$ cat entry-v3.pdb   # PDB, C-alpha atoms and all ligand atoms
MODEL        1
ATOM      1  CA  MET A  25     -23.903-172.740 170.047
ATOM      2  CA  ALA A  26     -25.552-172.485 166.715
ATOM      3  CA  SER A  27     -22.815-170.926 164.586
ATOM      4  CA  LYS A  28     -20.175-173.142 163.100
ATOM      5  CA  ARG A  29     -16.676-173.016 164.408
ATOM      6  CA  PRO A  30     -14.980-169.867 163.145
ATOM      7  CA  ARG A  31     -12.073-170.223 160.834
ATOM      8  CA  PHE A  32      -9.946-168.080 163.106
ATOM      9  CA  PRO A  33     -10.417-169.392 166.619
ATOM     10  CA  PHE A  34     -11.110-166.211 168.456
ATOM     11  CA  GLN A  35      -9.222-166.145 171.632
ATOM     12  CA  PRO A  36      -5.670-167.106 170.729
ATOM     13  CA  ASP A  37      -5.880-165.063 167.565
ATOM     14  CA  LEU A  38      -7.006-161.826 168.952
ATOM     15  CA  PHE A  39      -4.809-162.160 171.975
ATOM     16  CA  GLY A  40      -2.033-163.079 169.621
ATOM     17  CA  PHE A  41      -2.810-160.014 167.620
ATOM     18  CA  ILE A  42      -2.667-157.870 170.684
ATOM     19  CA  ALA A  43       0.537-159.374 171.954
ATOM     20  CA  GLY A  44       2.138-159.290 168.520
ATOM     21  CA  ALA A  45       0.922-155.932 167.313
ATOM     22  CA  LEU A  46       1.475-154.130 170.526
ATOM     23  CA  SER A  47       4.866-155.580 171.255
ATOM     24  CA  GLY A  48       6.062-154.031 168.032
ATOM     25  CA  GLU A  49       6.389-157.149 165.914
ATOM     26  CA  LYS A  50       4.044-155.627 163.371
ATOM     27  CA  LYS A  51       6.194-152.549 162.855
ATOM     28  CA  ASN A  52       3.998-150.246 164.866
ATOM     29  CA  PRO A  53       6.030-147.372 166.194
ATOM     30  CA  GLU A  54       5.750-146.678 169.905
ATOM     31  CA  PRO A  55       4.067-149.954 170.769
ATOM     32  CA  PRO A  56       1.477-149.356 173.438
ATOM     33  CA  SER A  57       1.358-151.407 176.552
ATOM     34  CA  PHE A  58      -0.845-154.483 176.728
ATOM     35  CA  ASP A  59      -0.174-155.369 180.274
ATOM     36  CA  ARG A  60      -3.784-155.318 181.274
ATOM     37  CA  LEU A  61      -4.356-158.390 179.205
ATOM     38  CA  PRO A  62      -3.268-161.853 180.159
ATOM     39  CA  SER A  63      -0.754-162.732 177.510
ATOM     40  CA  LEU A  64      -1.443-166.153 176.121
ATOM     41  CA  ARG A  65       1.642-166.011 174.014
ATOM     42  CA  SER A  66       4.280-165.836 176.724
ATOM     43  CA  GLU A  67       5.491-169.163 177.957
ATOM     44  CA  LYS A  68       4.450-169.981 181.448
ATOM     45  CA  LYS A  69       7.511-169.287 183.495
ATOM     46  CA  GLU A  70       8.538-171.452 186.362
ATOM     47  CA  THR A  71       7.563-168.867 188.875
ATOM     48  CA  SER A  72       5.867-171.004 191.447
ATOM     49  CA  ARG A  73       7.447-174.379 191.810
ATOM     50  CA  ARG A  74       6.086-176.393 194.636
ATOM     51  CA  THR A  75       9.205-175.995 196.696
ATOM     52  CA  ASP A  76       9.081-172.213 196.488
ATOM     53  CA  LEU A  77       8.159-170.529 199.722
ATOM     54  CA  PRO A  78       6.078-167.373 199.740
ATOM     55  CA  ARG A  79       7.507-164.875 202.215
ATOM     56  CA  THR A  80       7.183-161.206 202.984
ATOM     57  CA  ILE A  81       9.657-158.616 204.123
ATOM     58  CA  ASP A  82       9.363-154.980 205.126
ATOM     59  CA  LEU A  83      11.451-152.767 202.861
ATOM     60  CA  ASP A  84      11.430-149.088 203.804
ATOM     61  CA  GLY A  85       7.914-149.425 205.204
ATOM     62  CA  THR A  86       6.566-151.356 202.213
ATOM     63  CA  SER A  87       5.546-154.944 202.725
ATOM     64  CA  VAL A  88       7.012-156.885 199.829
ATOM     65  CA  SER A  89       5.993-160.453 199.051
ATOM     66  CA  TYR A  90       8.393-162.762 197.303
ATOM     67  CA  LEU A  91       8.923-166.386 196.440
ATOM     68  CA  LEU A  92      11.995-168.039 197.870
ATOM     69  CA  HIS A  93      13.523-170.747 195.764
ATOM     70  CA  ARG A  94      16.385-172.848 197.078
ATOM     71  CA  SER A  95      18.909-174.053 194.558
ATOM     72  CA  SER A  96      22.408-175.361 194.206
ATOM     73  CA  ARG A  97      23.693-171.932 193.185
ATOM     74  CA  ARG A  98      26.203-170.257 195.461
ATOM     75  CA  THR A  99      24.917-166.722 195.526
ATOM     76  CA  ILE A 100      21.604-165.047 196.202
ATOM     77  CA  GLY A 101      19.818-163.897 193.054
ATOM     78  CA  PHE A 102      16.749-161.713 192.407
ATOM     79  CA  VAL A 103      14.338-161.685 189.519
ATOM     80  CA  ILE A 104      11.484-159.211 189.155
ATOM     81  CA  ASP A 105       8.898-159.390 186.419
ATOM     82  CA  GLU A 106       5.103-159.165 185.948
ATOM     83  CA  SER A 107       4.604-161.889 188.500
ATOM     84  CA  GLY A 108       6.609-160.105 191.193
ATOM     85  CA  LEU A 109       9.835-160.768 193.079
ATOM     86  CA  ARG A 110      11.516-164.146 193.081
ATOM     87  CA  VAL A 111      14.597-164.888 195.147
ATOM     88  CA  THR A 112      16.913-167.788 194.507
ATOM     89  CA  ALA A 113      19.261-168.681 197.331
ATOM     90  CA  PRO A 114      21.734-171.435 198.175
ATOM     91  CA  LYS A 115      20.186-174.327 200.054
ATOM     92  CA  ARG A 116      22.009-173.510 203.279
ATOM     93  CA  SER A 117      21.631-169.736 203.374
ATOM     94  CA  ALA A 118      20.075-168.535 206.619
ATOM     95  CA  ILE A 119      16.911-166.486 206.317
ATOM     96  CA  HIS A 120      18.553-163.447 207.889
ATOM     97  CA  THR A 121      21.320-163.591 205.274
ATOM     98  CA  ILE A 122      18.696-163.601 202.520
ATOM     99  CA  GLU A 123      16.778-160.788 204.181
ATOM    100  CA  ASN A 124      19.919-158.716 204.545
ATOM    101  CA  ALA A 125      20.583-159.146 200.848
ATOM    102  CA  LEU A 126      17.034-157.977 200.119
ATOM    103  CA  ILE A 127      17.420-154.961 202.376
ATOM    104  CA  GLU A 128      20.682-154.075 200.695
ATOM    105  CA  LYS A 129      18.979-154.198 197.295
ATOM    106  CA  ARG A 130      15.769-152.524 198.483
ATOM    107  CA  LYS A 131      15.962-149.472 196.249
ATOM    108  CA  TRP A 132      16.356-151.550 193.107
ATOM    109  CA  ILE A 133      13.601-153.933 194.223
ATOM    110  CA  LEU A 134      11.096-151.212 195.093
ATOM    111  CA  ASP A 135      11.810-149.306 191.875
ATOM    112  CA  LYS A 136      11.353-152.368 189.714
ATOM    113  CA  LEU A 137       8.171-153.475 191.471
ATOM    114  CA  ASP A 138       6.841-149.947 190.980
ATOM    115  CA  TYR A 139       7.715-150.069 187.319
ATOM    116  CA  TYR A 140       5.773-153.292 186.782
ATOM    117  CA  ARG A 141       2.824-152.055 188.836
ATOM    118  CA  ASN A 142       2.619-148.895 186.722
ATOM    119  CA  ARG A 143       2.857-150.906 183.538
ATOM    120  CA  ARG A 144      -0.041-153.038 184.704
ATOM    121  CA  LEU A 145      -2.158-149.996 185.438
ATOM    122  CA  ALA A 146      -1.291-148.158 182.250
ATOM    123  CA  LYS A 147      -4.087-147.815 179.749
ATOM    124  CA  PRO A 148      -3.116-149.168 176.355
ATOM    125  CA  ALA A 149      -2.291-146.386 173.915
ATOM    126  CA  PRO A 150      -4.256-146.089 170.666
ATOM    127  CA  LEU A 151      -2.844-147.538 167.475
ATOM    128  CA  HIS A 152      -1.120-145.297 164.937
ATOM    129  CA  TRP A 153      -3.390-145.590 161.946
ATOM    130  CA  GLN A 154      -1.014-145.618 159.028
ATOM    131  CA  ASP A 155       0.134-147.831 156.174
ATOM    132  CA  GLY A 156       1.093-151.223 157.633
ATOM    133  CA  THR A 157      -0.868-150.941 160.878
ATOM    134  CA  VAL A 158      -2.355-154.272 161.911
ATOM    135  CA  PHE A 159      -5.750-154.308 163.583
ATOM    136  CA  PRO A 160      -8.357-156.899 164.560
ATOM    137  CA  TYR A 161     -11.413-157.392 162.355
ATOM    138  CA  LEU A 162     -13.870-160.224 162.982
ATOM    139  CA  GLY A 163     -11.206-161.913 165.080
ATOM    140  CA  ARG A 164      -8.569-161.935 162.379
ATOM    141  CA  GLU A 165      -5.654-159.643 161.659
ATOM    142  CA  LEU A 166      -5.929-157.113 158.889
ATOM    143  CA  THR A 167      -3.057-155.001 157.634
ATOM    144  CA  LEU A 168      -4.002-151.516 156.614
ATOM    145  CA  HIS A 169      -2.765-150.396 153.203
ATOM    146  CA  LEU A 170      -3.018-146.770 152.212
ATOM    147  CA  GLU A 171      -3.070-145.944 148.518
ATOM    148  CA  LYS A 172      -3.225-142.595 146.795
ATOM    149  CA  SER A 173      -6.303-141.695 144.829
ATOM    150  CA  ALA A 174      -7.330-138.729 142.707
ATOM    151  CA  THR A 175     -10.960-138.781 143.783
ATOM    152  CA  LEU A 176     -11.982-137.296 147.066
ATOM    153  CA  ARG A 177     -14.289-140.128 148.020
ATOM    154  CA  PRO A 178     -12.318-142.886 149.762
ATOM    155  CA  VAL A 179     -12.457-146.397 148.298
ATOM    156  CA  PHE A 180     -12.113-149.485 150.492
ATOM    157  CA  ARG A 181     -10.991-152.925 149.395
ATOM    158  CA  LEU A 182     -11.186-155.812 151.831
ATOM    159  CA  ASP A 183      -9.126-158.951 151.284
ATOM    160  CA  GLU A 184      -8.492-161.976 153.455
ATOM    161  CA  ASN A 185      -5.615-160.319 155.334
ATOM    162  CA  SER A 186      -5.735-156.665 154.439
ATOM    163  CA  LEU A 187      -7.845-153.603 154.032
ATOM    164  CA  ALA A 188      -6.764-151.106 151.415
ATOM    165  CA  ILE A 189      -8.021-147.550 151.515
ATOM    166  CA  ARG A 190      -7.548-145.384 148.455
ATOM    167  CA  LEU A 191      -7.441-141.838 149.678
ATOM    168  CA  SER A 192      -6.932-138.466 148.147
ATOM    169  CA  PRO A 193      -4.176-136.424 149.775
ATOM    170  CA  GLU A 194      -6.689-133.567 149.603
ATOM    171  CA  ASN A 195      -9.136-135.379 151.850
ATOM    172  CA  PRO A 196      -9.126-133.571 155.189
ATOM    173  CA  VAL A 197     -10.578-136.495 157.172
ATOM    174  CA  THR A 198      -8.037-138.562 159.088
ATOM    175  CA  VAL A 199      -7.313-142.205 158.265
ATOM    176  CA  ALA A 200      -8.639-143.181 161.683
ATOM    177  CA  ASP A 201     -11.962-141.463 161.013
ATOM    178  CA  HIS A 202     -12.329-143.040 157.573
ATOM    179  CA  LEU A 203     -11.589-146.432 159.044
ATOM    180  CA  LYS A 204     -13.926-145.994 161.975
ATOM    181  CA  LYS A 205     -16.714-145.064 159.605
ATOM    182  CA  TRP A 206     -15.998-148.137 157.489
ATOM    183  CA  LEU A 207     -15.925-150.394 160.562
ATOM    184  CA  LYS A 208     -19.278-149.019 161.694
ATOM    185  CA  THR A 209     -20.794-149.655 158.256
ATOM    186  CA  GLN A 210     -19.566-153.267 158.341
ATOM    187  CA  ALA A 211     -20.739-153.620 161.938
ATOM    188  CA  ARG A 212     -24.239-152.473 161.009
ATOM    189  CA  LYS A 213     -24.462-154.968 158.129
ATOM    190  CA  ILE A 214     -23.024-157.914 160.020
ATOM    191  CA  PHE A 215     -24.955-157.334 163.242
ATOM    192  CA  THR A 216     -28.234-156.865 161.372
ATOM    193  CA  GLY A 217     -27.719-160.243 159.703
ATOM    194  CA  ARG A 218     -26.940-161.994 162.976
ATOM    195  CA  LEU A 219     -29.855-160.355 164.789
ATOM    196  CA  GLN A 220     -32.274-161.459 162.084
ATOM    197  CA  LEU A 221     -30.844-164.967 162.046
ATOM    198  CA  TYR A 222     -31.109-165.473 165.807
ATOM    199  CA  ALA A 223     -34.390-163.613 166.249
ATOM    200  CA  GLU A 224     -35.915-166.112 163.872
ATOM    201  CA  LYS A 225     -34.323-169.117 165.582
ATOM    202  CA  MET A 226     -35.236-167.887 169.050
ATOM    203  CA  ASN A 227     -38.689-166.874 167.909
ATOM    204  CA  VAL A 228     -38.504-163.317 169.260
ATOM    205  CA  ARG A 229     -39.118-159.954 167.630
ATOM    206  CA  PHE A 230     -37.095-156.780 168.107
ATOM    207  CA  ASP A 231     -38.398-153.429 166.908
ATOM    208  CA  SER A 232     -35.239-151.586 165.971
ATOM    209  CA  PHE A 233     -31.501-151.869 166.070
ATOM    210  CA  GLY A 234     -28.767-149.262 166.389
ATOM    211  CA  LEU A 235     -25.045-149.072 166.978
ATOM    212  CA  SER A 236     -23.584-147.713 170.160
ATOM    213  CA  GLY A 237     -20.100-146.735 171.174
ATOM    214  CA  ALA A 238     -20.664-146.828 174.910
ATOM    215  CA  HIS A 239     -17.486-147.629 176.737
ATOM    216  CA  THR A 240     -19.227-149.511 179.451
ATOM    217  CA  ARG A 241     -21.285-152.043 177.558
ATOM    218  CA  TRP A 242     -21.269-154.312 174.552
ATOM    219  CA  GLY A 243     -25.007-154.319 174.043
ATOM    220  CA  SER A 244     -28.368-153.300 175.450
ATOM    221  CA  CYS A 245     -32.049-154.025 174.992
ATOM    222  CA  SER A 246     -34.769-151.599 176.009
ATOM    223  CA  ALA A 247     -38.330-152.273 177.111
ATOM    224  CA  LYS A 248     -39.361-150.832 173.747
ATOM    225  CA  ARG A 249     -37.556-153.732 172.065
ATOM    226  CA  HIS A 250     -34.755-151.533 170.796
ATOM    227  CA  ILE A 251     -31.425-153.334 170.624
ATOM    228  CA  ARG A 252     -28.118-151.564 170.592
ATOM    229  CA  LEU A 253     -24.817-153.265 169.887
ATOM    230  CA  ASN A 254     -21.419-151.706 170.339
ATOM    231  CA  TRP A 255     -19.773-151.236 166.951
ATOM    232  CA  ARG A 256     -16.428-152.284 168.422
ATOM    233  CA  LEU A 257     -17.689-155.855 168.516
ATOM    234  CA  VAL A 258     -16.770-155.863 164.830
ATOM    235  CA  HIS A 259     -13.165-156.431 165.961
ATOM    236  CA  CYS A 260     -14.225-159.722 167.526
ATOM    237  CA  ASP A 261     -14.746-163.171 166.166
ATOM    238  CA  MET A 262     -18.271-163.984 165.025
ATOM    239  CA  SER A 263     -18.826-166.314 167.971
ATOM    240  CA  LEU A 264     -18.403-163.407 170.386
ATOM    241  CA  ILE A 265     -20.693-161.206 168.303
ATOM    242  CA  ASP A 266     -23.234-164.028 168.407
ATOM    243  CA  TYR A 267     -22.967-164.208 172.172
ATOM    244  CA  VAL A 268     -23.903-160.527 172.551
ATOM    245  CA  VAL A 269     -26.645-160.842 169.913
ATOM    246  CA  ILE A 270     -28.150-163.865 171.704
ATOM    247  CA  HIS A 271     -27.801-162.156 175.083
ATOM    248  CA  GLU A 272     -29.734-159.088 173.948
ATOM    249  CA  LEU A 273     -32.377-161.101 172.110
ATOM    250  CA  ALA A 274     -32.877-163.218 175.237
ATOM    251  CA  HIS A 275     -33.766-159.984 177.056
ATOM    252  CA  LEU A 276     -36.822-159.726 174.818
ATOM    253  CA  SER A 277     -38.188-162.681 176.763
ATOM    254  CA  GLU A 278     -36.566-161.955 180.143
ATOM    255  CA  MET A 279     -35.726-158.364 181.026
ATOM    256  CA  ASN A 280     -33.314-159.385 183.781
ATOM    257  CA  HIS A 281     -30.355-161.613 184.469
ATOM    258  CA  SER A 282     -32.310-164.289 186.303
ATOM    259  CA  PRO A 283     -31.644-168.036 186.004
ATOM    260  CA  ARG A 284     -34.522-168.092 183.512
ATOM    261  CA  PHE A 285     -32.706-165.535 181.374
ATOM    262  CA  TRP A 286     -29.454-167.515 181.434
ATOM    263  CA  ALA A 287     -31.331-170.700 180.581
ATOM    264  CA  ILE A 288     -32.501-169.040 177.340
ATOM    265  CA  VAL A 289     -28.991-167.818 176.532
ATOM    266  CA  LYS A 290     -27.554-171.262 177.207
ATOM    267  CA  LYS A 291     -30.016-172.857 174.875
ATOM    268  CA  TRP A 292     -28.462-170.941 172.003
ATOM    269  CA  TYR A 293     -24.909-170.399 173.188
ATOM    270  CA  SER A 294     -22.911-173.173 174.796
ATOM    271  CA  ASP A 295     -20.477-171.222 176.956
ATOM    272  CA  PRO A 296     -21.722-167.729 177.797
ATOM    273  CA  ALA A 297     -19.445-167.464 180.842
ATOM    274  CA  LYS A 298     -16.382-167.906 178.687
ATOM    275  CA  ALA A 299     -17.609-165.345 176.153
ATOM    276  CA  ARG A 300     -18.312-162.847 178.917
ATOM    277  CA  LYS A 301     -14.860-163.320 180.374
ATOM    278  CA  THR A 302     -13.199-162.980 176.973
ATOM    279  CA  LEU A 303     -15.059-159.753 176.234
ATOM    280  CA  GLN A 304     -14.141-158.434 179.638
ATOM    281  CA  ASP A 305     -10.482-159.237 179.082
ATOM    282  CA  LEU A 306     -10.466-157.697 175.615
ATOM    283  CA  SER A 307     -12.287-154.509 176.561
ATOM    284  CA  PRO A 308      -9.283-152.403 177.606
ATOM    285  CA  VAL A 309      -7.542-153.000 174.303
ATOM    286  CA  LEU A 310     -10.555-152.906 171.985
ATOM    287  CA  PHE A 311     -11.786-149.682 173.544
ATOM    288  CA  SER A 312      -8.479-147.962 173.063
ATOM    289  CA  LEU A 313      -7.593-148.874 169.481
ATOM    290  CA  PHE A 314      -8.852-145.441 168.457
ATOM    291  CA  ALA A 315      -7.876-142.272 170.243
ATOM    292  CA  GLU A 316     -11.297-140.650 170.449
ATOM    293  CA  THR A 317     -13.888-141.756 172.908
ATOM    294  CA  ASP A 318     -16.329-142.905 170.261
TER     295      ASP A 318
HETATM  296 ZN    ZN A 401     -28.045-158.385 179.869
ENDMDL
END
$ encode --input "entry-v3.pdb" --output "structure tokens"
Amino acid sequence: MASKRPRFPFQPDLFGFIAGALSGEKKNPEPPSFDRLPSLRSEKKETSRRTDLPRTIDLDGTSVSYLLHRSSRRTIGFVIDESGLRVTAPKRSAIHTIENALIEKRKWILDKLDYYRNRRLAKPAPLHWQDGTVFPYLGRELTLHLEKSATLRPVFRLDENSLAIRLSPENPVTVADHLKKWLKTQARKIFTGRLQLYAEKMNVRFDSFGLSGAHTRWGSCSAKRHIRLNWRLVHCDMSLIDYVVIHELAHLSEMNHSPRFWAIVKKWYSDPAKARKTLQDLSPVLFSLFAETD
């Protein structure tokens, strides 16, 4: 990869942001769910020790899988979390005793499993754009500061860890819309710079560049050499932006995803598979930071 290592290593930071901001640590009211993302912050629980036995049981017509852990405890215990149902039982408990205990507790078990399944499927809610809201920008966390201003035109001030917007109370445009517009302006500037940099290195020529807000893709390249990059990439670390830039520029030489195409990408970006996976994982959250579709 040609770019130098970013100051804020992307993955832990943005995931950290998501886990932290959305779990309410950053004073966001009504923290939205982030269950669709693998949380890198949570400690790996001892959910699958080698001695644990995976088993299934039919509870009211639903086949429920669980892990059975034998321990020195005297009673049968149940734990349900994101990873499912875990049963701890005394070493000598017969299977039918354990199963009877499960059947007895079936309502609680089914309800809780349902709850976690729904949480997993829930789409993250948009952020509340207000003073103090923390959001990702170029892979780092920025705190939004809202200041009052007498002039109608909003003024933005970007620091290392914050973005201040001076706004007139008379201004009818919402904070979210002001911010989105600002993010798109930054995105255009930053992406243009990266496209020029890599086009030169890769010795390719694109005709035009535009921003997109398509929910399904991070970038595209047309046969007419028009490159579009999703403005929401501006939330991501520069190394991820570079991956998409390099990917689209590589299409100028290979309009497909053939081994030849990937060989070009790999020449300029060391781990495209990892970048793809990271973008995929981040998509649900990055695409729902704002309420509107674009
Ligand atoms: Zn492609």
$ resolve_selection --input "entry-v3.pdb" --expression "the PyMOL selection byres (((not hetatm)) within 9 of (chain A and resi 401))" --output "list in words"
Gly243, Ser244, Cys245, Val268, His271, Glu272, Ala274, His275, Met279, Asn280, His281 and Phe285 of chain A
$ write_last_selection --input "entry-v3.pdb" --atoms "C-alpha atoms" --output "short mmCIF file (atom, residue, chain, number, x, y, z; two decimals), in the frame of the given file"
data_model
loop_
_atom_site.label_atom_id
_atom_site.label_comp_id
_atom_site.auth_asym_id
_atom_site.auth_seq_id
_atom_site.Cartn_x
_atom_site.Cartn_y
_atom_site.Cartn_z
CA GLY A 243 -25.01 -154.32 174.04
CA SER A 244 -28.37 -153.30 175.45
CA CYS A 245 -32.05 -154.02 174.99
CA VAL A 268 -23.90 -160.53 172.55
CA HIS A 271 -27.80 -162.16 175.08
CA GLU A 272 -29.73 -159.09 173.95
CA ALA A 274 -32.88 -163.22 175.24
CA HIS A 275 -33.77 -159.98 177.06
CA MET A 279 -35.73 -158.36 181.03
CA ASN A 280 -33.31 -159.38 183.78
CA HIS A 281 -30.36 -161.61 184.47
CA PHE A 285 -32.71 -165.54 181.37
#
$ residues_around --input "entry-v3.pdb" --residues "range 211-219 of chain A" --least-positions-apart "4" --cutoff "6 Å" --atoms "all atoms listed in the file" --output "list of chain:residue names"
A:Leu207, A:Ala223, A:Trp255, A:Val258
$ resolve_selection --input "entry-v3.pdb" --expression "the PyMOL selection byres (((chain A and resi 314) around 12) and not hetatm)" --output "CSV table (one decimal) with C-alpha atoms, in the frame of the given file"
chain,number,residue,atom,x,y,z
A,148,PRO,CA,-3.1,-149.2,176.4
A,149,ALA,CA,-2.3,-146.4,173.9
A,150,PRO,CA,-4.3,-146.1,170.7
A,151,LEU,CA,-2.8,-147.5,167.5
A,152,HIS,CA,-1.1,-145.3,164.9
A,153,TRP,CA,-3.4,-145.6,161.9
A,159,PHE,CA,-5.8,-154.3,163.6
A,198,THR,CA,-8.0,-138.6,159.1
A,199,VAL,CA,-7.3,-142.2,158.3
A,200,ALA,CA,-8.6,-143.2,161.7
A,201,ASP,CA,-12.0,-141.5,161.0
A,202,HIS,CA,-12.3,-143.0,157.6
A,203,LEU,CA,-11.6,-146.4,159.0
A,204,LYS,CA,-13.9,-146.0,162.0
A,205,LYS,CA,-16.7,-145.1,159.6
A,207,LEU,CA,-15.9,-150.4,160.6
A,237,GLY,CA,-20.1,-146.7,171.2
A,256,ARG,CA,-16.4,-152.3,168.4
A,308,PRO,CA,-9.3,-152.4,177.6
A,309,VAL,CA,-7.5,-153.0,174.3
A,310,LEU,CA,-10.6,-152.9,172.0
A,311,PHE,CA,-11.8,-149.7,173.5
A,312,SER,CA,-8.5,-148.0,173.1
A,313,LEU,CA,-7.6,-148.9,169.5
A,315,ALA,CA,-7.9,-142.3,170.2
A,316,GLU,CA,-11.3,-140.6,170.4
A,317,THR,CA,-13.9,-141.8,172.9
A,318,ASP,CA,-16.3,-142.9,170.3
$ residues_around --input "entry-v3.pdb" --residues "range 169-181 of chain A" --least-positions-apart "2" --cutoff "9 Å" --atoms "only C-alpha atoms" --output "PyMOL selection string"
chain A and resi 154-157+167+183+186-195+199+202+206
$ resolve_selection --input "entry-v3.pdb" --expression "the PyMOL selection byres (((chain A and resi 119-128) around 9) and not hetatm)" --output "MDAnalysis selection string"
chainID A and resid 81:84 100 102 111 113 117:118 129:131 133
$ atom_distance --input "entry-v3.pdb" --atom1 "CA of Ser307 in chain A" --atom2 "CA of Ser282 in chain A"
24.3 Å
$ atom_distance --input "entry-v3.pdb" --atom1 "CA of Leu273 in chain A" --atom2 "CA of Gln220 in chain A"
10.0 Å
$ closest_residue --input "entry-v3.pdb" --among "A:Asp261, A:Asp266, A:Glu278, A:Asp76" --to "Leu221 in chain A" --atoms "all atoms listed in the file"
A:Asp266
$ atom_distance --input "entry-v3.pdb" --atom1 "CA of Leu182 in chain A" --atom2 "CA of Leu253 in chain A"
22.8 Å
$ residues_around --input "entry-v3.pdb" --residues "Val103 in chain A" --least-positions-apart "4" --cutoff "12 Å" --atoms "only C-alpha atoms" --output "ChimeraX atom specification"
/A:69-71,90-93,107-113,126,129,132-133,136-137
$ write_last_selection --input "entry-v3.pdb" --atoms "C-alpha atoms" --output "PDB file, keeping the file's coordinate frame"
ATOM      1  CA  LYS A  69       7.511-169.287 183.495  1.00  0.00           C
ATOM      2  CA  GLU A  70       8.538-171.452 186.362  1.00  0.00           C
ATOM      3  CA  THR A  71       7.563-168.867 188.875  1.00  0.00           C
ATOM      4  CA  TYR A  90       8.393-162.762 197.303  1.00  0.00           C
ATOM      5  CA  LEU A  91       8.923-166.386 196.440  1.00  0.00           C
ATOM      6  CA  LEU A  92      11.995-168.039 197.870  1.00  0.00           C
ATOM      7  CA  HIS A  93      13.523-170.747 195.764  1.00  0.00           C
ATOM      8  CA  SER A 107       4.604-161.889 188.500  1.00  0.00           C
ATOM      9  CA  GLY A 108       6.609-160.105 191.193  1.00  0.00           C
ATOM     10  CA  LEU A 109       9.835-160.768 193.079  1.00  0.00           C
ATOM     11  CA  ARG A 110      11.516-164.146 193.081  1.00  0.00           C
ATOM     12  CA  VAL A 111      14.597-164.888 195.147  1.00  0.00           C
ATOM     13  CA  THR A 112      16.913-167.788 194.507  1.00  0.00           C
ATOM     14  CA  ALA A 113      19.261-168.681 197.331  1.00  0.00           C
ATOM     15  CA  LEU A 126      17.034-157.977 200.119  1.00  0.00           C
ATOM     16  CA  LYS A 129      18.979-154.198 197.295  1.00  0.00           C
ATOM     17  CA  TRP A 132      16.356-151.550 193.107  1.00  0.00           C
ATOM     18  CA  ILE A 133      13.601-153.933 194.223  1.00  0.00           C
ATOM     19  CA  LYS A 136      11.353-152.368 189.714  1.00  0.00           C
ATOM     20  CA  LEU A 137       8.171-153.475 191.471  1.00  0.00           C
TER      21      LEU A 137
END
$ residues_around --input "entry-v3.pdb" --residues "Pro160 in chain A" --least-positions-apart "2" --cutoff "8 Å" --atoms "all atoms listed in the file" --output "PyMOL selection string"
chain A and resi 38+41+158+162-166+259-260
$ write_last_selection --input "entry-v3.pdb" --atoms "C-alpha atoms" --output "PDB file, in the frame of the given file"
ATOM      1  CA  LEU A  38      -7.006-161.826 168.952  1.00  0.00           C
ATOM      2  CA  PHE A  41      -2.810-160.014 167.620  1.00  0.00           C
ATOM      3  CA  VAL A 158      -2.355-154.272 161.911  1.00  0.00           C
ATOM      4  CA  LEU A 162     -13.870-160.224 162.982  1.00  0.00           C
ATOM      5  CA  GLY A 163     -11.206-161.913 165.080  1.00  0.00           C
ATOM      6  CA  ARG A 164      -8.569-161.935 162.379  1.00  0.00           C
ATOM      7  CA  GLU A 165      -5.654-159.643 161.659  1.00  0.00           C
ATOM      8  CA  LEU A 166      -5.929-157.113 158.889  1.00  0.00           C
ATOM      9  CA  HIS A 259     -13.165-156.431 165.961  1.00  0.00           C
ATOM     10  CA  CYS A 260     -14.225-159.722 167.526  1.00  0.00           C
TER      11      CYS A 260
END
$ residues_around --input "entry-v3.pdb" --residues "Asp231 in chain A" --least-positions-apart "5" --cutoff "10 Å" --atoms "all atoms listed in the file" --output "tab-separated table (two decimals) with C-alpha atoms, in the frame of the given file"
chain	number	residue	atom	x	y	z
A	246	SER	CA	-34.77	-151.60	176.01
A	248	LYS	CA	-39.36	-150.83	173.75
A	249	ARG	CA	-37.56	-153.73	172.06
A	250	HIS	CA	-34.76	-151.53	170.80
A	251	ILE	CA	-31.42	-153.33	170.62
$ decode --input "entry-v3.pdb" --residues "range 88-104 of chain A" --atoms "C-alpha atoms" --output "mmCIF file, in the first residue's frame"
data_model
loop_
_atom_site.group_PDB
_atom_site.id
_atom_site.type_symbol
_atom_site.label_atom_id
_atom_site.label_comp_id
_atom_site.auth_asym_id
_atom_site.auth_seq_id
_atom_site.Cartn_x
_atom_site.Cartn_y
_atom_site.Cartn_z
ATOM 1 C CA VAL A 88 -32.895 -24.633 20.130
ATOM 2 C CA SER A 89 -29.143 -25.174 20.073
ATOM 3 C CA TYR A 90 -27.125 -24.716 23.214
ATOM 4 C CA LEU A 91 -23.716 -25.369 24.667
ATOM 5 C CA LEU A 92 -23.558 -27.649 27.666
ATOM 6 C CA HIS A 93 -20.820 -26.921 30.130
ATOM 7 C CA ARG A 94 -20.163 -29.243 33.046
ATOM 8 C CA SER A 95 -18.906 -27.668 36.227
ATOM 9 C CA SER A 96 -18.565 -28.229 39.921
ATOM 10 C CA ARG A 97 -21.648 -26.120 40.626
ATOM 11 C CA ARG A 98 -24.619 -27.841 42.207
ATOM 12 C CA THR A 99 -27.468 -26.408 40.211
ATOM 13 C CA ILE A 100 -28.301 -26.025 36.551
ATOM 14 C CA GLY A 101 -27.769 -22.501 35.237
ATOM 15 C CA PHE A 102 -28.672 -20.736 31.969
ATOM 16 C CA VAL A 103 -27.050 -17.813 30.245
ATOM 17 C CA ILE A 104 -28.370 -16.220 27.063
#
